[in-house]
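Notes for the one structure printed next.
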4 protein chains.
Amino acid sequence: MIVVLKNGAEKQKIEELKKNLNEKGLEIHESKGKDVTLWGLVGDTSRITPEELLANDIVESAQRVKAPYKQASRSFHPEDTVIDVKGNKIGDGKICSIMAGPCSVETEEQIIEVAKAVKASGARFLRGGAFKPRTSPYSFQGLGAEGLELLKIARKETGLPIVTELMAINQIPLFEDVDIIQIGARNMQNFDLLKEVGKLKNPILLKRGLSATVKEFLMSAEYIMASGNENVILCERGIRTFDNYTRNCLDLSIVPYLKKETHLPVIIDPSHACGIRWMVPTLAKAAVAVGADGLIIEVHNNPEKALCDGEQSLTPAQFDDLMKVLGKYAAVEGRTV
Amino acid sequence: MIVVLKNGAEKQKIEELKKNLNEKGLEIHESKGKDVTLWGLVGDTSRITPEELLANDIVESAQRVKAPYKQASRSFHPEDTVIDVKGNKIGDGKICSIMAGPCSVETEEQIIEVAKAVKASGARFLRGGAFKPRTSPYSFQGLGAEGLELLKIARKETGLPIVTELMAINQIPLFEDVDIIQIGARNMQNFDLLKEVGKLKNPILLKRGLSATVKEFLMSAEYIMASGNENVILCERGIRTFDNYTRNCLDLSIVPYLKKETHLPVIIDPSHACGIRWMVPTLAKAAVAVGADGLIIEVHNNPEKALCDGEQSLTPAQFDDLMKVLGKYAAVEGRTV
Amino acid sequence: MIVVLKNGAEKQKIEELKKNLNEKGLEIHESKGKDVTLWGLVGDTSRITPEELLANDIVESAQRVKAPYKQASRSFHPEDTVIDVKGNKIGDGKICSIMAGPCSVETEEQIIEVAKAVKASGARFLRGGAFKPRTSPYSFQGLGAEGLELLKIARKETGLPIVTELMAINQIPLFEDVDIIQIGARNMQNFDLLKEVGKLKNPILLKRGLSATVKEFLMSAEYIMASGNENVILCERGIRTFDNYTRNCLDLSIVPYLKKETHLPVIIDPSHACGIRWMVPTLAKAAVAVGADGLIIEVHNNPEKALCDGEQSLTPAQFDDLMKVLGKYAAVEGRTV
Amino acid sequence: MIVVLKNGAEKQKIEELKKNLNEKGLEIHESKGKDVTLWGLVGDTSRITPEELLANDIVESAQRVKAPYKQASRSFHPEDTVIDVKGNKIGDGKICSIMAGPCSVETEEQIIEVAKAVKASGARFLRGGAFKPRTSPYSFQGLGAEGLELLKIARKETGLPIVTELMAINQIPLFEDVDIIQIGARNMQNFDLLKEVGKLKNPILLKRGLSATVKEFLMSAEYIMASGNENVILCERGIRTFDNYTRNCLDLSIVPYLKKETHLPVIIDPSHACGIRWMVPTLAKAAVAVGADGLIIEVHNNPEKALCDGEQSLTPAQFDDLMKVLGKYAAVEGRTV
């Protein structure tokens with residue numbers, strides 16, 4: 001932590017703050033210039049915040065040098081975390097794991113038909129929403145527990161592990177048998193929920209909030225890990241900017257950045273990012289090119305009649321075409337989908 | 001809803017979509033230009049979404065004409081909603097209600113001392129956090145249930161009604177006796193939580209998410225109202241932009257906009273918006289000038305030692321000075337604080 | 001400047017960088033922790049940039065402690081700059097100077113009629129566009145030189161000094177006699193233009209770019225001042241965010257921040273910020289409440305037929321009403337409009 | 001254009017507006033619902049704006065259906081524009097043209113050395129700045145005219161056509177012999193400059209402003225084309241968002257979107273987007289994957305001593321490695337670099 005003191009700060013207040021910091025086990029290295037006094041705080045700074053220091057009137061500014069997260073940090077855990085779900089690995093550097101399926105589970109026929117189709121095309125996981133976070137209380141809210149049962153039937157039919165969203169703590173008992181539990185973008189800073197899923201063993205797919213900084217995103221992963229669950233998969237799904245020609249702006253730079261900053265796997269959701277069916281394949285290719293550990297893609301057998309997000313869903317035929325070309329992109333660097 | 005069809009859309013698909021919309025009780029008014037065909041959909045469009053229409057390949061664009069919210073809309077409910085908490089009115093146009101207190105409840109002495117001080121200066125409500133949403137799992141998370149008890153003691157001592165944040169559904173039983181329940185910015189789209197507080201009778205102070213559009217903000221209020229609780233107070237607390245010279249950017253234009261668009265009271269939180277003690281008074285004056293129905297301001301008896309957000313807390317003396325000048329600003333248009 | 005070195009940086013590279021910095025006259029204060037080495041650079045750091053330092057592979061991060069601007073900084077020039085235009089003072093702390101007039105000068109009758117009206121209501125300056133920056137090449141581009149002549153006629157008729165926008169270097173000779181030259185938001189970083197107006201004596205009203213940080217805004221003022229013209233007036237006119245319920249988001253926090261950070265006068269343009277006629281008065285009141293040194297407001301005698309920005313222009317009658325109430329707000333703190 | 005009238009609009013005002021629009025050659029198709037009246041305006045709507053209509057108090061909202069640009073629009077000009085610079089084609093769908101070189105031209109040795117190196121690795125164009133837009137007036141501003149001369153020498157030595165930035169109208173005579181003239185992000189809405197380069201024959205590489213919407217970007221291209229120069233190359237170089245872990249956020253979705261919306265070539269600048277050397281190659285691969293017509297990449301023979309942007313420059317060796325892998329990515333879809 002670097003602290004800049006105000007010009008003309010009172011000696012007594014400086015001494016008090018020094019004492020206070022020393023008591024917290026921090027050593028102070030001082031650099032005195034003509035106009036400016038700097039302190040470098042050395043020691044375990046993860047339990048103090050720049051804001052706390054700023055509450056002192058003699059402090060001009062305070063900034064962290066080291067990341068505020070620990071368990072999520074690559075410097076703390078240098079090797080890649082590889083998550084193994086029934087033999088399907090995410091984060092091993094060799095496979096870009098494709099998760100595919102409809103936005104919402106609608107009927108048994110629908111989910112089984114889509115599951116079979118995406119499996120045939122090479123998807124390794126089946127995604128589908130049972131509990132749906134919708135902006136409007138008047139929109140279809142998902143089938144709930146029944147949707148989870150239908151997903152499990154589709155899993156039984158195809159062998160594909162399932163990925164589905166959990167929205168509230170009281171739904172946790174229903175998710176015991178879910179292969180990967182998704183925490184949605186709007187719940188990325190629902191800290192009570194993060195703490196609870198941190199007590200589970202299921203891998204957690206954590207989506208980045210629409211305007212979450214990378215630091216906040218990793219701090220949310222840290223919440224889960226600090227509660228005991230180290231199986232966190234990070235998912236970029238588009239951020240909010242000043243423009244709206246796509247629903248959100250897919251921030252692909254986050255993939256190389258996260259691969260450097262953390263050991264956790266990183267996947268991309270091109271469907272929610274752009275919200276436009278015809279653009280999904282192009283973004284999916286780019287996601288493979290930047291080295292994503294996986295993709296999560298919406299596929300619906302009848303997008304025009306979908307109860308949710310039909311405008312961004314591929315048909316099974318479009319998905320099949322896409323898988324072929326994604327394989328070629330992955331092969332450029334010796335990877336596979 | 002306005003629908004623009006793609007050039008050269010197939011007749012059969014057009015007929016299908018027409019039939020589909022007619023079955024939903026919508027009438028179609030068609031305008032045909034040389035290059036463009038427009039439909040004006042007339043009827044109850046609140047149950048369909050532009051996205052649904054876009055899932056049809058023949059649709060170029062689709063846009064709402066009427067707001068997607070109903071109960072929150074002033075066109076649905078023309079008179080101002082006035083919320084009466086033990087005789088303290090919020091939203092009556094005459095009073096700008098001041099809520100004040102520390103970010104976190106820390107000790108009995110602290111909360112009572114602050115409560116007495118802010119009451120003496122003219123605050124009508126005591127704010128204080130018991131459950132705290134913190135970005136880091138390693139930061140102080142609030143006193144929890146014990147903090148609620150201390151708030152109630154301070155209420156008993158001063159008579160000030162209390163405002164405090166609820167973070168999760170399972171905490172609801174503890175909040176029965178809380179005068180105003182706050183839903184924080186990071187939970188603005190925690191839809192399960194919104195539905196549950198919609199079943200309560202306590203007034204809900206709903207904070208705008210850091211990057212929530214006004215439409216999304218009102219849709220979150222709609223969630224609460226649609227579940228049965230019409231006592232919603234909207235609170236602007238700063239939005240996220242490209243700059244960071246203040247913690248967030250206080251968006252004061254939202255006050256006149258919301259007063260036009262909705263009948264719900266609107267209050268301003270200048271403390272969280274800027275995150276800088278010395279700027280709070282200036283923003284508070286502006287909030288009165290734009291016609292806010294209230295302000296929520298952080299006050300701490302010893303900001304430099306505060307466990308949370310000390311950098312933005314006023315001292316009781318600073319708050320007292322501020323109250324005097326706010327009274328003068330309110331008086332310009334015949335109001336009072 | 002604070003420099004953080006990478007863990008395990010090679011000694012030889014560290015020595016080279018040290019030498020390099022010493023040669024630039026900078027002293028290095030080193031703080032060595034277990035995991036981190038910090039340098040505080042002491043001396044004149046205005047000629048080096050953090051980016052330059054980051055070009056060295058051994059540097060982890062580099063951050064300024066002192067502002068990169070000098071002449072614009074209050075620490076360099078503690079007293080307020082007061083700009084006196086024919087006896088009308090801007091920035092003296094007592095007057096909030098109102099500038100008013102149409103977006104575009106259209107005809108002699110129009111500009112004279114509006115000028116007389118706004119003068120009668122108490123405006124101290126006449127604004128009006130002759131050269132207009134329009135997003136579309138097919139929109140009305142202003143009357144150009146003829147518009148400037150009409151402004152001068154209106155000035156002669158009313159005695160009001162004129163404020164009008166300069167868009168290109170080759171227009172400068174036409175602006176010799178203009179009382180305040182405006183540089184528009186889209187030209188805020190047209191550095192060649194800034195350098196040229198820095199050679200003039202006319203006060204420059206510099207508008208903040210739509211997504212310019214405060215630092216960039218002040219660096220643009222610094223460009224003008226570094227070329228010799230110290231008469232710079234800063235104007236906030238709304239920034240671009242993720243929402244669009246108003247055209248831009250008026251960032252009122254910038255007023256107290258700039259008053260602290262710089263000695264230059266700060267004015268507000270509520271008309272361009274919101275782009276909605278009925279909201280202008282509310283924002284104007286708030287601008288007075290935050291202590292702006294002036295306001296620039298669009299007034300048109302027939303907004304529905306205006307060639308430009310009619311949707312945000314007040315009628316003379318609306319402006320007259322507004323001036324009365326602004327006077328009351330200014331009076332709260334002993335100021336006047 | 002779609003116009004929504006306010007509820008209860010006066011008949012007389014409606015008739016006036018109808019007459020007014022009819023006089024402009026527009027036909028009105030009316031859809032009347034219980035609460036809402038819609039007009040579809042049919043005819044040439046490029047000369048009216050939604051804002052103009054909103055200046056009428058009876059208008060609730062007004063939105064374009066067709067794009068406000070014409071010459072830049074693919075519907076106006078369906079075939080791809082291919083720009084041929086001395087036999088090097090940009091936009092032909094087969095080649096992804098690589099432009100490479102230093103941020104700033106510094107010395108004859110430097111520019112020749114870099115030019116030879118990038119040519120050897122397969123670059124088709126030499127980039128280099130002579131006039132530099134720098135945020136600070138105290139930073140190196142480029143060699144100016146001398147820099148242009150050095151670029152021409154390097155062109156002579158290598159045969160590579162040159163790309164360099166023009167900042168002001170009065171520099172145009174110096175640029176006659178420049179192969180591609182760049183207009184920088186900060187000048188994207190310097191409309192006078194756009195009009196002037198619209199009178200030239202040289203291809204114009206137009207960079208997207210840091211917070212320009214796609215619509216604004218295309219309107220700036222339209223300015224150039226409307227003045228007579230149809231050789232416009234669009235360049236995405238990162239946008240400004242709420243986060244800053246990279247300098248800007250590379251918005252790769254714009255490539256497929258622009259390829260659909262316009263016939264102009266689209267290139268990507270990964271160097272300025274991220275501002276971090278080690279991330280450039282990853283983003284460059286993704287840019288090829290989304291189908292960019294070219295890339296512009298910074299390469300410096302001694303990045304640690306570069307006078308500008310050394311932190312984002314590749315060394316010639318790094319660039320050479322990158323070219324090899326980019327070739328493989330291009331080959332996936334039968335293209336070449």
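Each chain in the structure tokens gets a letter, A, B and so on, in the order shown; residues start at 1 in every chain, and ligands are counted from 1 in the order they appear.
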
Compile the residues of chain A that lie within 9 Å of chain B, evaluated using only C-alpha atoms, and express the compilation as a VMD selection string. chain A and resid 46 to 49 51 to 57 68 to 69 133 to 139 167 to 170 186 to 193 195 210 to 211 216 219 to 220 222 to 224 226 to 227 240 to 241 275 to 277 303 to 313

Give me, as a PyMOL selection string, all polymer residues having an atom no more than 12 Å from Lys156 of chain B, counting only C-alpha atoms and skipping those fewer than 3 positions away in the same chain. chain B and resi 111-112+115-116+126+149-153+159-162

At a cut-off of 9 Å, using only C-alpha atoms, what residues contact Ser73 of chain D? Leave out same-chain residues fewer than 5 positions from it and give the result as a compact mmCIF listing (two decimals) with N, CA, C and O atoms, in the first residue's frame.
# COMPACT_ATOMS: atom_id res chain seq x y z
N ALA D 67 -30.92 4.20 -41.12
CA ALA D 67 -29.69 4.83 -40.65
C ALA D 67 -29.60 6.26 -41.18
O ALA D 67 -30.08 6.57 -42.27
N PRO D 78 -24.01 -1.88 -52.01
CA PRO D 78 -23.93 -3.26 -51.48
C PRO D 78 -22.57 -3.93 -51.59
O PRO D 78 -22.23 -4.75 -50.74
N LEU D 218 -19.84 6.12 -38.10
CA LEU D 218 -20.23 6.09 -39.51
C LEU D 218 -20.64 7.47 -40.02
O LEU D 218 -20.41 7.79 -41.18
N GLU D 222 -19.22 9.42 -43.13
CA GLU D 222 -20.14 10.06 -44.08
C GLU D 222 -19.72 11.49 -44.40
O GLU D 222 -19.83 11.95 -45.53
N GLU D 261 -23.13 -3.49 -41.85
CA GLU D 261 -23.79 -2.19 -41.94
C GLU D 261 -23.19 -1.29 -43.02
O GLU D 261 -23.86 -0.43 -43.56
N THR D 262 -21.90 -1.50 -43.31
CA THR D 262 -21.23 -0.63 -44.28
C THR D 262 -20.37 -1.47 -45.22
O THR D 262 -20.05 -2.62 -44.92
N HIS D 263 -20.01 -0.87 -46.33
CA HIS D 263 -19.17 -1.53 -47.33
C HIS D 263 -17.70 -1.15 -47.17
O HIS D 263 -16.85 -1.62 -47.93
N LEU D 264 -17.40 -0.32 -46.20
CA LEU D 264 -16.03 0.17 -46.03
C LEU D 264 -15.16 -0.88 -45.32
O LEU D 264 -15.66 -1.65 -44.51

Strand (DSSP E) call set, DSSP backbone run, segment 43-257 of chain C, as JSON, numbers by chain: {"C": [59, 60, 61, 62, 63, 83, 84, 85, 88, 89, 90, 97, 98, 99, 100, 101, 125, 126, 127, 162, 163, 164, 165, 180, 181, 182, 183, 204, 205, 206, 207, 232, 233, 234, 235, 236]}

Residues from last step as file, N, CA and C atoms, as a short mmCIF file (atom, residue, chain, number, x, y, z; two decimals), in the first residue's frame:
data_model
loop_
_atom_site.label_atom_id
_atom_site.label_comp_id
_atom_site.auth_asym_id
_atom_site.auth_seq_id
_atom_site.Cartn_x
_atom_site.Cartn_y
_atom_site.Cartn_z
N VAL C 59 9.30 -2.84 -14.64
CA VAL C 59 8.35 -2.00 -13.90
C VAL C 59 6.97 -2.65 -13.88
N GLU C 60 6.43 -2.84 -12.70
CA GLU C 60 5.12 -3.44 -12.53
C GLU C 60 4.02 -2.39 -12.70
N SER C 61 4.20 -1.26 -12.04
CA SER C 61 3.22 -0.18 -12.19
C SER C 61 3.90 1.14 -11.86
N ALA C 62 3.29 2.22 -12.33
CA ALA C 62 3.84 3.56 -12.10
C ALA C 62 2.67 4.51 -12.02
N GLN C 63 2.65 5.33 -10.97
CA GLN C 63 1.53 6.23 -10.80
C GLN C 63 1.99 7.60 -10.33
N ILE C 83 -12.10 36.46 -14.50
CA ILE C 83 -12.04 36.94 -15.88
C ILE C 83 -13.01 38.10 -16.03
N ASP C 84 -12.49 39.21 -16.52
CA ASP C 84 -13.29 40.43 -16.61
C ASP C 84 -13.53 40.74 -18.09
N VAL C 85 -14.77 40.63 -18.49
CA VAL C 85 -15.13 40.92 -19.88
C VAL C 85 -15.97 42.19 -19.89
N ASN C 88 -17.88 42.68 -16.84
CA ASN C 88 -18.61 41.52 -16.32
C ASN C 88 -17.61 40.49 -15.82
N LYS C 89 -17.68 40.22 -14.53
CA LYS C 89 -16.69 39.32 -13.95
C LYS C 89 -17.19 37.88 -13.87
N ILE C 90 -16.28 36.97 -14.20
CA ILE C 90 -16.58 35.54 -14.09
C ILE C 90 -15.54 34.93 -13.17
N SER C 97 -22.60 34.24 -13.35
CA SER C 97 -22.87 34.96 -14.61
C SER C 97 -23.71 34.12 -15.57
N ILE C 98 -24.81 34.66 -16.00
CA ILE C 98 -25.67 33.92 -16.91
C ILE C 98 -25.41 34.32 -18.36
N MET C 99 -25.15 33.32 -19.19
CA MET C 99 -24.97 33.50 -20.63
C MET C 99 -26.19 32.84 -21.27
N ALA C 100 -26.85 33.56 -22.17
CA ALA C 100 -28.06 32.97 -22.75
C ALA C 100 -28.20 33.37 -24.20
N GLY C 101 -28.94 32.57 -24.94
CA GLY C 101 -29.18 32.85 -26.36
C GLY C 101 -29.46 31.57 -27.10
N PHE C 125 -24.39 37.84 -20.72
CA PHE C 125 -23.71 37.54 -21.98
C PHE C 125 -24.73 36.97 -22.97
N LEU C 126 -24.46 37.21 -24.25
CA LEU C 126 -25.30 36.62 -25.30
C LEU C 126 -24.54 35.47 -25.94
N ARG C 127 -25.14 34.27 -25.94
CA ARG C 127 -24.51 33.16 -26.63
C ARG C 127 -25.25 32.92 -27.95
N ILE C 162 -20.47 38.90 -26.37
CA ILE C 162 -20.91 37.68 -27.06
C ILE C 162 -19.94 36.50 -26.85
N VAL C 163 -20.56 35.31 -26.81
CA VAL C 163 -19.86 34.04 -26.64
C VAL C 163 -20.23 33.18 -27.85
N THR C 164 -19.23 32.69 -28.59
CA THR C 164 -19.58 31.88 -29.75
C THR C 164 -18.44 30.92 -30.07
N GLU C 165 -18.81 29.82 -30.72
CA GLU C 165 -17.86 28.72 -30.91
C GLU C 165 -16.95 28.87 -32.14
N ILE C 180 -15.89 36.18 -25.86
CA ILE C 180 -15.44 34.89 -25.31
C ILE C 180 -15.53 33.85 -26.42
N ILE C 181 -14.42 33.19 -26.67
CA ILE C 181 -14.38 32.17 -27.73
C ILE C 181 -14.61 30.80 -27.10
N GLN C 182 -15.60 30.11 -27.64
CA GLN C 182 -15.90 28.77 -27.12
C GLN C 182 -15.19 27.70 -27.93
N ILE C 183 -14.60 26.73 -27.23
CA ILE C 183 -14.08 25.52 -27.87
C ILE C 183 -15.02 24.40 -27.47
N ILE C 204 -11.15 32.09 -23.24
CA ILE C 204 -11.57 30.85 -23.91
C ILE C 204 -12.50 30.07 -23.00
N LEU C 205 -13.68 29.76 -23.50
CA LEU C 205 -14.62 28.91 -22.76
C LEU C 205 -14.41 27.50 -23.31
N LEU C 206 -13.81 26.65 -22.49
CA LEU C 206 -13.45 25.30 -22.93
C LEU C 206 -14.46 24.29 -22.41
N LYS C 207 -15.14 23.63 -23.33
CA LYS C 207 -16.14 22.64 -22.90
C LYS C 207 -15.49 21.28 -22.67
N VAL C 232 -8.89 31.06 -19.15
CA VAL C 232 -9.66 29.89 -19.54
C VAL C 232 -10.83 29.70 -18.58
N ILE C 233 -12.01 29.50 -19.17
CA ILE C 233 -13.22 29.21 -18.38
C ILE C 233 -13.59 27.76 -18.68
N LEU C 234 -13.75 26.96 -17.64
CA LEU C 234 -14.07 25.54 -17.83
C LEU C 234 -15.58 25.37 -17.85
N CYS C 235 -16.09 24.55 -18.75
CA CYS C 235 -17.54 24.35 -18.83
C CYS C 235 -17.92 22.87 -18.86
N GLU C 236 -18.66 22.45 -17.86
CA GLU C 236 -19.21 21.09 -17.82
C GLU C 236 -20.54 21.11 -18.58
#

Correct to one decimal, the distance atom CA of Gly128 of chain C-atom CA of Lys86 of chain C is 18.4 Å

### Message
Can you tell me, as a VMD selection string, which residues in segment 226-328 of chain A count as alpha helix (DSSP H) by DSSP?
### Response
chain A and resid 226 254 to 261 270 to 274 280 to 289 316 to 328

Please, could you write that set of residues out with N, CA, C and O atoms as a tab-separated table (two decimals), in the first residue's frame?
chain	number	residue	atom	x	y	z
A	226	ALA	N	-12.93	-18.11	-0.20
A	226	ALA	CA	-12.67	-17.88	1.21
A	226	ALA	C	-13.63	-18.69	2.08
A	226	ALA	O	-13.35	-18.99	3.24
A	254	ILE	N	-10.23	-9.53	-21.38
A	254	ILE	CA	-10.22	-10.06	-20.02
A	254	ILE	C	-9.64	-11.46	-19.97
A	254	ILE	O	-9.11	-11.89	-18.94
A	255	VAL	N	-9.73	-12.20	-21.07
A	255	VAL	CA	-9.22	-13.58	-21.04
A	255	VAL	C	-7.71	-13.61	-20.82
A	255	VAL	O	-7.25	-14.18	-19.83
A	256	PRO	N	-6.90	-12.97	-21.67
A	256	PRO	CA	-5.47	-13.00	-21.38
A	256	PRO	C	-5.13	-12.36	-20.04
A	256	PRO	O	-4.23	-12.82	-19.33
A	257	TYR	N	-5.87	-11.32	-19.67
A	257	TYR	CA	-5.58	-10.66	-18.41
A	257	TYR	C	-5.83	-11.60	-17.23
A	257	TYR	O	-4.99	-11.74	-16.33
A	258	LEU	N	-6.98	-12.26	-17.24
A	258	LEU	CA	-7.30	-13.17	-16.14
A	258	LEU	C	-6.35	-14.37	-16.11
A	258	LEU	O	-5.97	-14.84	-15.05
A	259	LYS	N	-6.00	-14.88	-17.29
A	259	LYS	CA	-5.09	-16.04	-17.31
A	259	LYS	C	-3.76	-15.68	-16.64
A	259	LYS	O	-3.07	-16.55	-16.13
A	260	LYS	N	-3.40	-14.41	-16.68
A	260	LYS	CA	-2.16	-13.96	-16.05
A	260	LYS	C	-2.36	-13.71	-14.56
A	260	LYS	O	-1.51	-14.02	-13.74
A	261	GLU	N	-3.50	-13.16	-14.22
A	261	GLU	CA	-3.74	-12.68	-12.86
A	261	GLU	C	-4.24	-13.76	-11.93
A	261	GLU	O	-4.04	-13.70	-10.73
A	270	PRO	N	-20.72	-15.80	-25.55
A	270	PRO	CA	-20.93	-14.84	-26.64
A	270	PRO	C	-22.40	-14.53	-26.88
A	270	PRO	O	-22.74	-13.47	-27.39
A	271	SER	N	-23.28	-15.45	-26.48
A	271	SER	CA	-24.71	-15.27	-26.76
A	271	SER	C	-25.30	-14.09	-26.00
A	271	SER	O	-25.95	-13.21	-26.56
A	272	HIS	N	-25.07	-14.08	-24.67
A	272	HIS	CA	-25.60	-12.96	-23.89
A	272	HIS	C	-24.85	-11.67	-24.19
A	272	HIS	O	-25.40	-10.59	-24.07
A	273	ALA	N	-23.59	-11.79	-24.55
A	273	ALA	CA	-22.80	-10.58	-24.81
A	273	ALA	C	-23.42	-9.76	-25.94
A	273	ALA	O	-23.70	-8.58	-25.78
A	274	CYS	N	-23.63	-10.42	-27.09
A	274	CYS	CA	-24.13	-9.62	-28.21
A	274	CYS	C	-25.65	-9.60	-28.30
A	274	CYS	O	-26.23	-8.60	-28.72
A	280	VAL	N	-23.13	-14.36	-33.01
A	280	VAL	CA	-22.57	-15.31	-32.04
A	280	VAL	C	-21.38	-16.11	-32.61
A	280	VAL	O	-20.33	-16.20	-31.98
A	281	PRO	N	-21.50	-16.69	-33.83
A	281	PRO	CA	-20.37	-17.48	-34.32
A	281	PRO	C	-19.07	-16.68	-34.43
A	281	PRO	O	-18.00	-17.16	-34.05
A	282	THR	N	-19.17	-15.44	-34.90
A	282	THR	CA	-17.95	-14.63	-35.06
A	282	THR	C	-17.28	-14.40	-33.71
A	282	THR	O	-16.06	-14.54	-33.56
A	283	LEU	N	-18.06	-14.07	-32.71
A	283	LEU	CA	-17.48	-13.83	-31.39
A	283	LEU	C	-16.95	-15.13	-30.78
A	283	LEU	O	-15.94	-15.12	-30.06
A	284	ALA	N	-17.61	-16.24	-31.07
A	284	ALA	CA	-17.14	-17.52	-30.54
A	284	ALA	C	-15.75	-17.84	-31.08
A	284	ALA	O	-14.87	-18.31	-30.35
A	285	LYS	N	-15.53	-17.58	-32.36
A	285	LYS	CA	-14.20	-17.82	-32.95
A	285	LYS	C	-13.15	-16.98	-32.23
A	285	LYS	O	-12.06	-17.45	-31.89
A	286	ALA	N	-13.48	-15.72	-32.00
A	286	ALA	CA	-12.52	-14.83	-31.34
A	286	ALA	C	-12.24	-15.31	-29.92
A	286	ALA	O	-11.12	-15.22	-29.42
A	287	ALA	N	-13.27	-15.84	-29.26
A	287	ALA	CA	-13.09	-16.34	-27.90
A	287	ALA	C	-12.11	-17.50	-27.87
A	287	ALA	O	-11.27	-17.62	-26.97
A	288	VAL	N	-12.18	-18.36	-28.88
A	288	VAL	CA	-11.21	-19.45	-28.97
A	288	VAL	C	-9.83	-18.86	-29.22
A	288	VAL	O	-8.83	-19.26	-28.59
A	289	ALA	N	-9.75	-17.87	-30.10
A	289	ALA	CA	-8.46	-17.28	-30.45
A	289	ALA	C	-7.77	-16.62	-29.26
A	289	ALA	O	-6.54	-16.61	-29.18
A	316	PRO	N	-29.88	-25.81	-33.91
A	316	PRO	CA	-28.91	-26.91	-33.84
A	316	PRO	C	-28.04	-26.98	-35.10
A	316	PRO	O	-26.83	-27.26	-35.00
A	317	ALA	N	-28.60	-26.70	-36.26
A	317	ALA	CA	-27.79	-26.75	-37.48
A	317	ALA	C	-26.71	-25.68	-37.48
A	317	ALA	O	-25.56	-25.93	-37.86
A	318	GLN	N	-27.08	-24.47	-37.03
A	318	GLN	CA	-26.08	-23.39	-36.96
A	318	GLN	C	-24.99	-23.74	-35.95
A	318	GLN	O	-23.81	-23.48	-36.17
A	319	PHE	N	-25.40	-24.34	-34.86
A	319	PHE	CA	-24.42	-24.73	-33.83
A	319	PHE	C	-23.47	-25.79	-34.38
A	319	PHE	O	-22.26	-25.76	-34.13
A	320	ASP	N	-24.01	-26.71	-35.14
A	320	ASP	CA	-23.18	-27.76	-35.70
A	320	ASP	C	-22.12	-27.18	-36.65
A	320	ASP	O	-20.94	-27.54	-36.58
A	321	ASP	N	-22.53	-26.26	-37.49
A	321	ASP	CA	-21.57	-25.59	-38.38
A	321	ASP	C	-20.50	-24.88	-37.56
A	321	ASP	O	-19.31	-24.92	-37.88
A	322	LEU	N	-20.94	-24.21	-36.52
A	322	LEU	CA	-20.00	-23.45	-35.70
A	322	LEU	C	-18.96	-24.37	-35.05
A	322	LEU	O	-17.77	-24.06	-35.04
A	323	MET	N	-19.42	-25.49	-34.52
A	323	MET	CA	-18.48	-26.40	-33.84
A	323	MET	C	-17.35	-26.82	-34.78
A	323	MET	O	-16.19	-26.93	-34.36
A	324	LYS	N	-17.71	-27.03	-36.05
A	324	LYS	CA	-16.66	-27.47	-36.99
A	324	LYS	C	-15.59	-26.40	-37.14
A	324	LYS	O	-14.39	-26.69	-37.11
A	325	VAL	N	-16.02	-25.18	-37.29
A	325	VAL	CA	-15.02	-24.12	-37.50
A	325	VAL	C	-14.27	-23.81	-36.19
A	325	VAL	O	-13.07	-23.54	-36.21
A	326	LEU	N	-14.96	-23.93	-35.06
A	326	LEU	CA	-14.25	-23.69	-33.79
A	326	LEU	C	-13.12	-24.70	-33.61
A	326	LEU	O	-12.05	-24.38	-33.10
A	327	GLY	N	-13.38	-25.92	-34.05
A	327	GLY	CA	-12.34	-26.94	-33.95
A	327	GLY	C	-11.09	-26.52	-34.73
A	327	GLY	O	-9.95	-26.72	-34.28
A	328	LYS	N	-11.30	-25.91	-35.88
A	328	LYS	CA	-10.15	-25.47	-36.68
A	328	LYS	C	-9.38	-24.35	-35.98
A	328	LYS	O	-8.15	-24.30	-36.02

Practice problem: Rounded to one decimal place, report the atom CA of Pro173 of chain A-atom CA of Lys199 of chain B distance in Å. | Solution: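 Value for the atom CA of Pro173 of chain A-atom CA of Lys199 of chain B distance: 23.2 Å.
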
- prompt: Quick one: residues within 10 Å of Leu143 of chain A, only C-alpha atoms counted, chain neighbours fewer than 4 positions away excluded, as a list in words?
  reply: Ser104, Val105, Glu106, Thr107, Gly129, Ala130, Phe131, Lys132, Gly147, Leu148, Glu149 and Leu150 of chain A
